[in-house]
Amino acid sequence: MRTLRLLWIGWLFHMKMLTRSAFNFVLGIIYPLFFASAAFFMFRAGDDPKPLLYASLGAAVMGIWGATSTAAGAAMARERWTGTLELLVAAPVNFGLVLLPVTIAMATIGIYSMASTLAWGWLVFGIPIHIGDPLAFFLAVPATVVSIGALGFLMAVAFVRFRQAWALGNMLEYPVWLISGFLVPLTLFPDWVRPISWALAPTWGVSAIREAALGGAPYADIGAALALGVAYTVAGVLLVNRALRAARAKATLSLS
Amino acid sequence: MTAARVFFVGGLISYRALFGWLSPWVFIPSLLVAPVFQILLFVYIGRSAALESDEFYVIGNGIQYAAVPCVFAMTNIIAGERHQQTLGSILITPAPRLPLFVGRALPVVLNGFFVAAFGLVVGGAIVGIDVPLSSVPAIALVTAVSAFSCTGLGLTSAAIGLVVRETAVLSNIIFGILLVFSGANIPLDDLPGWMSTLAQGMPFTHGIEATRRLADGDGLGSVGGLVATEALLGFAYAALGFVLLRVLETHSRKHATLERA
């Protein structure tokens with residue numbers, strides 16, 4: 001119960017902080033629309049018969065990863081800059097449980113982008129917003145957000161030793177957009193890429209959202225996304241415990 | 001003589017300062033790896049949409065990604081100085097403004113050229129496009145002109161930074177506009193008329209088209225008009241940026257808004 005309260009309050013506080021940032025809000029909504037617009041124009045002008053709704057749903061989920069990758073990479077560095085990292089590490093709870101809701105809040109901000117991309121596609125490009133299985137869709141979206149947030153958590157702790165972790169997070173934005181099947185079917189990639197795609201929760205998340213919207217079978221994809229989210233969380237907690245032990249022993253937490 | 005010193009020495013110090021901050025841990029992921037993946041992303045979207053050849057996207061995105069070093073770095077000449085609380089000290093100096101600001105643009109152009117060239121070479125090699133060796137010098141020239149042109153736009157953006165605080169948002173929006181409008185990913189004929197008309201006044205549009213024609217075997221002479229237009233746009237944006245810098249500098253002194261923006 002105490003853990004759930006910690007996760008809930010941590011998520012709520014960071015959501016409030018992130019929604020008060022003009023940078024996050026404006027950029028989170030507008031920036032992904034440029035990529036979505038480029039993709040819509042390309043699919044509209046191209047010869048491929050895939051419906052524009054396919055591109056619209058993929059572009060919409062791109063915003064969730066876009067909101068998470070750079071910000072999550074910098075999550076620990078930001079606490080370091082503001083001088084709160086030591087306080088959070090010293091708190092009588094596992095530090096991983098403090099950091100996890102932060103990255104999930106970052107992914108949640110991506111829902112603004114998702115909604116605005118779908119609305120943009122509808123208003124400007126005439127792409128109908130059709131949801132074949134509303135229940136599955138409303139399960140798939142939070143499952144995708146949580147699993148992407150968990151991936152961000154794993155990134156945040158993996159980059160703990162890097163002062164410029166935001167740049168590494170930023171670097172991973174395009175690769176995940178590319179190989180998670182947001183706009184490109186996985187079948188177009190070389191065989192060796194597919195196992196990497198399968199290990200990424202966004203792959204299953206976007207597939208679940210697409211299946212739910214197009215009336216397919218999304219529940220296995222939802223389960224896979226959540227399972228990967230749990231795996232990322234466990235790996236992240238183990239990693240952060242190990243990193244903190246080393247940082248305490250060597251007095252390197254602040255990297256100063 | 002003073003102006004030349006401000007131009008070259010100021011530009012050199014600014015270049016060193018840029019790389020003092022832009023350590024390999026930032027430079028490699030942001031300016032070398034990211035453009036290659038942007039190229040791959042649009043190459044694969046292009047294949048998925050069955051629209052244009054791989055070469056089309058390699059050239060379009062390779063050059064368009066120069067917007068990151070050119071626009072962000074130029075905009076940062078104001079925002080970065082404000083952040084470090086040195087903007088007032090710079091603007092109070094009697095140094096002539098033209099060499100002061102244009103000198104800072106020179107390393108940005110060089111950096112933008114390098115980033116675009118790296119993206120073109122590595123992206124092209126990964127995807128496997130064929131470009132005649134004889135076209136490479138001309139492509140390098142057009143790439144440099146495109147980087148200059150975008151740096152001119154960056155100077156305009158830097159001037160706006162005197163009155164706008166969220167310069168990172170502004171730079172990202174400029175990057176996004178260039179991504180959609182410049183013909184990097186969508187043939188101008190497939191854009192609505194007003195968009196392709198606006199694109200004629202933006203950096204990269206003519207540079208990208210010239211580079212594509214050079215890669216297809218055309219000579220530099222046949223794309224001379226496009227290259228000249230790209231260069232002219234660069235001068236026009238740089239001039240606009242410089243005038244805006246002077247006007248907004250005066251405005252910020254008058255209304256004491258230099259640190260407030």
# chains A, B, ... in the order shown; residues from 1 in each chain; ligands from 1

call {"tool": "residues_around", "arguments": {"residues": "B:Gly103", "least_positions_apart": "5", "cutoff": "10 Å", "atoms": "only C-alpha atoms", "output": "ChimeraX atom specification"}}
result
/B:3-15,97-98,108

call {"tool": "residues_around", "arguments": {"residues": "stretch 80-91 of chain A", "least_positions_apart": "2", "cutoff": "10 Å", "atoms": "only C-alpha atoms", "output": "list in words"}}
result
Ala74, Ala75, Met76, Ala77, Arg78, Val93, Asn94, Phe95, Gly96, Val98, Leu99, Arg163, Leu244, Leu253, Ser254, Leu255 and Ser256 of chain A

call {"tool": "closest_atom_pairs", "arguments": {"of": "chain A", "to": "chain B", "cutoff": "7 Å", "atoms": "only C-alpha atoms", "output": "CSV"}}
result
residue,atom,partner,partner_atom,distance
A:Phe23,CA,B:Val169,CA,6.3
A:Leu27,CA,B:Val169,CA,6.1
A:Tyr31,CA,B:Gly176,CA,6.6
A:Phe34,CA,B:Gly176,CA,5.2
A:Ala38,CA,B:Val180,CA,5.4
A:Phe41,CA,B:Ile186,CA,6.8
A:Met42,CA,B:Ile186,CA,6.1
A:Phe43,CA,B:Ala49,CA,5.0
A:Ala45,CA,B:Asp190,CA,6.4
A:Gly46,CA,B:Leu51,CA,4.2
A:Asp47,CA,B:Ala50,CA,5.3
A:Asp48,CA,B:Ala49,CA,5.0
A:Gln164,CA,B:Trp25,CA,6.4
A:Ala167,CA,B:Val26,CA,5.4
A:Leu168,CA,B:Pro29,CA,6.0
A:Asn170,CA,B:Ser30,CA,7.0
A:Met171,CA,B:Pro29,CA,5.2
A:Tyr174,CA,B:Phe37,CA,5.7
A:Pro175,CA,B:Phe37,CA,6.1
A:Leu178,CA,B:Leu41,CA,5.2
A:Leu183,CA,B:Ile45,CA,6.3
A:Val184,CA,B:Ile45,CA,5.7

call {"tool": "write_last_selection", "arguments": {"atoms": "N, CA and C atoms", "output": "short mmCIF file (atom, residue, chain, number, x, y, z; two decimals), in the first residue's frame"}}
result
data_model
loop_
_atom_site.label_atom_id
_atom_site.label_comp_id
_atom_site.auth_asym_id
_atom_site.auth_seq_id
_atom_site.Cartn_x
_atom_site.Cartn_y
_atom_site.Cartn_z
N PHE A 23 7.88 24.56 -22.23
CA PHE A 23 8.76 23.81 -23.13
C PHE A 23 8.17 22.42 -23.40
N LEU A 27 6.27 21.97 -27.00
CA LEU A 27 7.10 21.10 -27.83
C LEU A 27 6.51 19.69 -27.91
N TYR A 31 5.98 19.49 -31.84
CA TYR A 31 7.12 18.86 -32.51
C TYR A 31 6.75 17.54 -33.21
N PHE A 34 5.14 17.71 -36.77
CA PHE A 34 5.94 17.87 -37.99
C PHE A 34 6.27 16.51 -38.59
N ALA A 38 4.85 15.03 -42.12
CA ALA A 38 5.73 14.51 -43.17
C ALA A 38 5.29 13.10 -43.56
N PHE A 41 1.93 13.16 -45.53
CA PHE A 41 2.12 13.58 -46.92
C PHE A 41 2.75 12.44 -47.72
N MET A 42 3.74 11.75 -47.11
CA MET A 42 4.43 10.69 -47.83
C MET A 42 3.50 9.53 -48.14
N PHE A 43 2.70 9.13 -47.14
CA PHE A 43 1.79 8.01 -47.38
C PHE A 43 0.67 8.40 -48.35
N ALA A 45 0.95 10.57 -50.80
CA ALA A 45 1.48 10.71 -52.15
C ALA A 45 2.00 9.38 -52.71
N GLY A 46 2.29 8.44 -51.82
CA GLY A 46 2.91 7.19 -52.26
C GLY A 46 1.92 6.24 -52.88
N ASP A 47 2.47 5.10 -53.35
CA ASP A 47 1.64 4.11 -54.03
C ASP A 47 1.16 3.00 -53.11
N ASP A 48 1.62 3.04 -51.85
CA ASP A 48 1.28 1.94 -50.95
C ASP A 48 -0.19 2.04 -50.54
N GLN A 164 26.11 13.81 -19.47
CA GLN A 164 25.32 14.28 -20.60
C GLN A 164 24.35 13.19 -21.05
N ALA A 167 21.78 13.50 -23.97
CA ALA A 167 22.18 13.33 -25.37
C ALA A 167 22.04 11.86 -25.79
N LEU A 168 22.32 10.95 -24.86
CA LEU A 168 22.16 9.53 -25.19
C LEU A 168 20.68 9.20 -25.35
N ASN A 170 18.38 11.34 -26.26
CA ASN A 170 18.01 11.99 -27.52
C ASN A 170 18.42 11.13 -28.72
N MET A 171 19.60 10.50 -28.60
CA MET A 171 20.11 9.67 -29.69
C MET A 171 19.19 8.47 -29.96
N TYR A 174 15.20 8.43 -32.56
CA TYR A 174 14.98 7.95 -33.93
C TYR A 174 15.06 6.42 -34.05
N PRO A 175 16.08 5.78 -33.44
CA PRO A 175 16.16 4.32 -33.62
C PRO A 175 14.90 3.59 -33.14
N LEU A 178 12.17 4.09 -35.48
CA LEU A 178 12.41 3.34 -36.71
C LEU A 178 12.05 1.87 -36.57
N LEU A 183 5.85 3.49 -38.07
CA LEU A 183 5.43 3.87 -39.42
C LEU A 183 5.92 2.89 -40.48
N VAL A 184 6.77 1.97 -40.06
CA VAL A 184 7.36 1.03 -41.02
C VAL A 184 7.07 -0.39 -40.53
#

call {"tool": "residues_around", "arguments": {"residues": "A:Leu238", "least_positions_apart": "2", "cutoff": "12 Å", "atoms": "only C-alpha atoms", "output": "list in words"}}
result
Asn94, Phe95, Gly96, Leu97, Phe153, Leu154, Val157, Ala158, Ala231, Tyr232, Thr233, Val234, Ala235, Gly236, Val240, Asn241, Arg242, Ala243, Leu244 and Arg245 of chain A

call {"tool": "write_last_selection", "arguments": {"atoms": "C-alpha atoms", "output": "PDB file, in the first residue's frame"}}
result
ATOM      1  CA  ASN A  94      14.022   2.248  -2.729  1.00  0.00           C
ATOM      2  CA  PHE A  95      15.323   4.922  -5.093  1.00  0.00           C
ATOM      3  CA  GLY A  96      14.009   2.967  -8.069  1.00  0.00           C
ATOM      4  CA  LEU A  97      10.463   3.493  -6.796  1.00  0.00           C
ATOM      5  CA  PHE A 153      13.268   4.192 -16.257  1.00  0.00           C
ATOM      6  CA  LEU A 154      15.711   1.525 -17.395  1.00  0.00           C
ATOM      7  CA  VAL A 157      19.403   4.210 -14.486  1.00  0.00           C
ATOM      8  CA  ALA A 158      21.580   2.766 -17.258  1.00  0.00           C
ATOM      9  CA  ALA A 231      11.001  -6.825 -16.908  1.00  0.00           C
ATOM     10  CA  TYR A 232      12.432  -3.321 -17.494  1.00  0.00           C
ATOM     11  CA  THR A 233      11.344  -2.281 -13.995  1.00  0.00           C
ATOM     12  CA  VAL A 234      12.959  -5.292 -12.305  1.00  0.00           C
ATOM     13  CA  ALA A 235      16.156  -4.834 -14.308  1.00  0.00           C
ATOM     14  CA  GLY A 236      16.143  -1.101 -13.540  1.00  0.00           C
ATOM     15  CA  VAL A 240      19.975   1.212  -9.614  1.00  0.00           C
ATOM     16  CA  ASN A 241      20.671  -0.689  -6.380  1.00  0.00           C
ATOM     17  CA  ARG A 242      24.026  -1.776  -7.734  1.00  0.00           C
ATOM     18  CA  ALA A 243      24.858   1.702  -9.060  1.00  0.00           C
ATOM     19  CA  LEU A 244      23.973   3.337  -5.750  1.00  0.00           C
ATOM     20  CA  ARG A 245      26.081   0.853  -3.775  1.00  0.00           C
TER      21      ARG A 245
END

call {"tool": "closest_residue", "arguments": {"among": "B:Gln64, B:Thr257, B:Ser149, B:Ser135", "to": "B:Val223", "atoms": "only C-alpha atoms"}}
result
B:Ser135

call {"tool": "atom_distance", "arguments": {"atom1": "atom CA of B:Phe235", "atom2": "atom CA of B:Leu120"}}
result
24.6 Å

call {"tool": "residues_around", "arguments": {"residues": "B:Val243", "least_positions_apart": "5", "cutoff": "9 Å", "atoms": "only C-alpha atoms", "output": "PyMOL selection string"}}
result
chain B and resi 156+159+238+248

call {"tool": "atom_distance", "arguments": {"atom1": "atom CA of B:Gly154", "atom2": "atom CA of B:Cys70"}}
result
6.1 Å
